[in-house]
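Visitor: For reference, the structure I am asking about is given below.
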Amino acid sequence: MKIHEYQAKELFQKYHIPVPRGDIAKTVEKARSVAEWLGTDTLVVKAQVHAGGRGQAGGVKIVHSADEVADISRDLLGKSLITHQTGGGGKKIKTLLVEEGIQIRKEFYVSMITDRSAGKNILMVSTEGGMDIEKVAQESPEKIHIEPIHPATGLLPFQKRRLVAALKLSRQEGDMAGRIFENLIRLYTELDASLVEINPLVLTDESFLIALDAKINFDENALYRHPELEIYKDTSDLEEGEQMAEEAGLSYIPLTGNVGCMVNGAGLAMATMDIIKYYGGSPANFLDIGGGASAETVAKGFQIIVSDPGVKAILINIFGGIVRCDRVARGIIEALNTVDVHIPVVVRLKGTNAEEAATLLRESPLSFIVADTLADAAQKVVQAAQERGGKA
Ligand code: GDP
Ligand code: MN
């Protein structure tokens, strides 16, 4: 789960990580009054959308009066912000964060993530803060310093010294940085985050360290342990299909291809996407409808898939192990009575009572393309999608 910068900063404050003074605004008037309350010479207006790269995209503006804050807010509110992380449609700006401007001496990068390949949590720091960290990682990886953080010991004194040295901080600045690292690690661990990023962490003209930006992602599988985080959930900037999937509790990832996939089981879903690629097609999504494959979930699956206008054909690939294939076939037929689907549907059902299922589908008045093997199904759906003029 992603949360907004202002929400992450709220949590930073709870964990004693310094952030600029500020407040959110959903209207121009509120933005102006926040600016007046702050009363600083420099003010920053920041678009709150679930994406990075806002600075380069015009979503972070530095101004010098409450009038200018109002002008910028009028400009930004309601607009879609397109950054290199949002995709072409961008994300609608509904909330702004208005903050005091900070005089920056230096910008650093600090983050903590779970490094899956190492099987460890790691803390990363770099002197190259503020800009694209991906670019730094690619072009000058030696400028990123990494320390593995053991959950039982936390940050060890020698690791703290190494991190402080990597950032070329003075003794006093290093003490401040060390406390920030410890608090960040505590936040990450206690709240089951999967990413905490401060980019930039800045050294101010008065030699203070302060988190100018804040990003936190949470591990959704651990959210049940944190009912207090529920209020941070904002699904309003997800695509329609993603919202439906979220409500129905289905795993759905939209992609850019033209073959919609409805599969039970994450492994089978991955294999299905692979074989579509193998036969020259391109999957429009990952969708795992789970073990049950009832008429309701299948209907939901259809709704989600057809909400993407790029989909030109659908492949249903279901393994009937515990759930019998004939029941799934009836579910599919029933579902298509409730959802309008005007594109070819290729169905492959394997497992218990697969024969009966194929007969049911063939004899139904709906024109399914019934496939036997996975290869057969993939070839048929790729062809059907191509015939309908979609991109391969
Ligand atoms: P992002 O582009 O989405 O990561 O947004 P950030 O919050 O990181 O802001 C982008 C950049 O704007 C930062 O790297 C800073 O250089 C600049 N910026 C943000 N807030 C301030 C501020 O208070 N003072 C100054 N001088 N620059 C700021
Ligand atoms: Mn940033």
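Residue numbering restarts at 1 in every chain; chains get A, B, ... in the order shown in the structure tokens, and ligands count up from 1 in that same order.
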Counting only C-alpha atoms and all ligand atoms, give me one row per residue of chain A with an atom at most 6 Å from an atom of ligand 2, showing the shortest contact pair and its distance in Å to one decimal, sorted by chain then residue number, as CSV.

Guide:
residue,atom,partner,partner_atom_place_in_ligand_line,distance
A:Gly130,CA,ligand 2,1 (Mn),5.8
A:Asn199,CA,ligand 2,1 (Mn),4.3
A:Pro200,CA,ligand 2,1 (Mn),5.7
A:Asp213,CA,ligand 2,1 (Mn),5.1

Visitor: Residues of the last selection are to be written out with N, CA, C and O atoms, as a PDB file, in the first residue's frame.

Guide:
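Once written, result28.pdb looks like this:
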ATOM      1  N   GLY A 130      18.083  13.967  -3.877  1.00  0.00           N
ATOM      2  CA  GLY A 130      17.277  14.941  -4.604  1.00  0.00           C
ATOM      3  C   GLY A 130      16.934  14.512  -6.002  1.00  0.00           C
ATOM      4  O   GLY A 130      15.822  14.705  -6.445  1.00  0.00           O
ATOM      5  N   ASN A 199      14.011  11.336   0.252  1.00  0.00           N
ATOM      6  CA  ASN A 199      14.798  11.852  -0.875  1.00  0.00           C
ATOM      7  C   ASN A 199      14.238  13.187  -1.348  1.00  0.00           C
ATOM      8  O   ASN A 199      13.274  13.224  -2.074  1.00  0.00           O
ATOM      9  N   PRO A 200      14.811  14.266  -0.897  1.00  0.00           N
ATOM     10  CA  PRO A 200      16.060  14.370  -0.138  1.00  0.00           C
ATOM     11  C   PRO A 200      15.873  14.517   1.369  1.00  0.00           C
ATOM     12  O   PRO A 200      14.883  15.074   1.830  1.00  0.00           O
ATOM     13  N   ASP A 213      11.295  15.287   1.765  1.00  0.00           N
ATOM     14  CA  ASP A 213      10.334  14.435   1.072  1.00  0.00           C
ATOM     15  C   ASP A 213      10.188  13.160   1.891  1.00  0.00           C
ATOM     16  O   ASP A 213      11.095  12.827   2.670  1.00  0.00           O
TER      17      ASP A 213
END

Visitor: To check your reading of the model: which residues sit at most 8 Å from ligand 1 when counting only C-alpha atoms and all ligand atoms? Write the answer as a ChimeraX atom specification.

Guide: /A:20,42-44,46,51-57,59-62,99-104,107,129-131,199-200,212-214

Visitor: I need the helix (DSSP H, G or I) residues of segment 75-235 of chain A per DSSP on the backbone, written as number ranges by chain.

Guide: A: 75-76, 133-139, 141-143, 157-166, 171-190, 220-225, 227-232

Visitor: Sorted by chain and rising residue number, list the residues of segment 285-317 of chain A at most 6 Å from segment 329-339 of chain A (counting only C-alpha atoms), each with its closest atom pair and distance in Å to one decimal, as CSV.

Guide:
residue,atom,partner,partner_atom,distance
A:Ser294,CA,A:Gly331,CA,5.8
A:Ala295,CA,A:Gly331,CA,3.8
A:Ala299,CA,A:Ala335,CA,4.5

Visitor: Write out, as a PDB file, in the first residue's frame, the residues just selected, with C-alpha atoms.

Guide:
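File part-v8.pdb, as written:
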ATOM      1  CA  SER A 294     -17.449 -19.066  -8.558  1.00  0.00           C
ATOM      2  CA  ALA A 295     -19.867 -17.371 -10.954  1.00  0.00           C
ATOM      3  CA  ALA A 299     -18.280 -12.116 -13.348  1.00  0.00           C
TER       4      ALA A 299
END

Visitor: Atom CA of Val346 of chain A and atom CA of Ala377 of chain A, how far apart in Å?

Guide: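 We find that atom CA of Ala377 of chain A and atom CA of Val346 of chain A lie 6.6 Å from each other.
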
Visitor: Measuring between only C-alpha atoms, which one of A:Lys233, A:Lys120, A:Lys106, A:Lys277 shows the shortest distance to Phe208 of chain A?

Guide: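 Smallest distance to Phe208 of chain A is found for A:Lys106.
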
Visitor: Given only C-alpha atoms as the basis, pick out the residue of A:Ala31, A:Val19, A:His342, A:Ala354 nearest to Phe368 of chain A.

Guide: A:His342
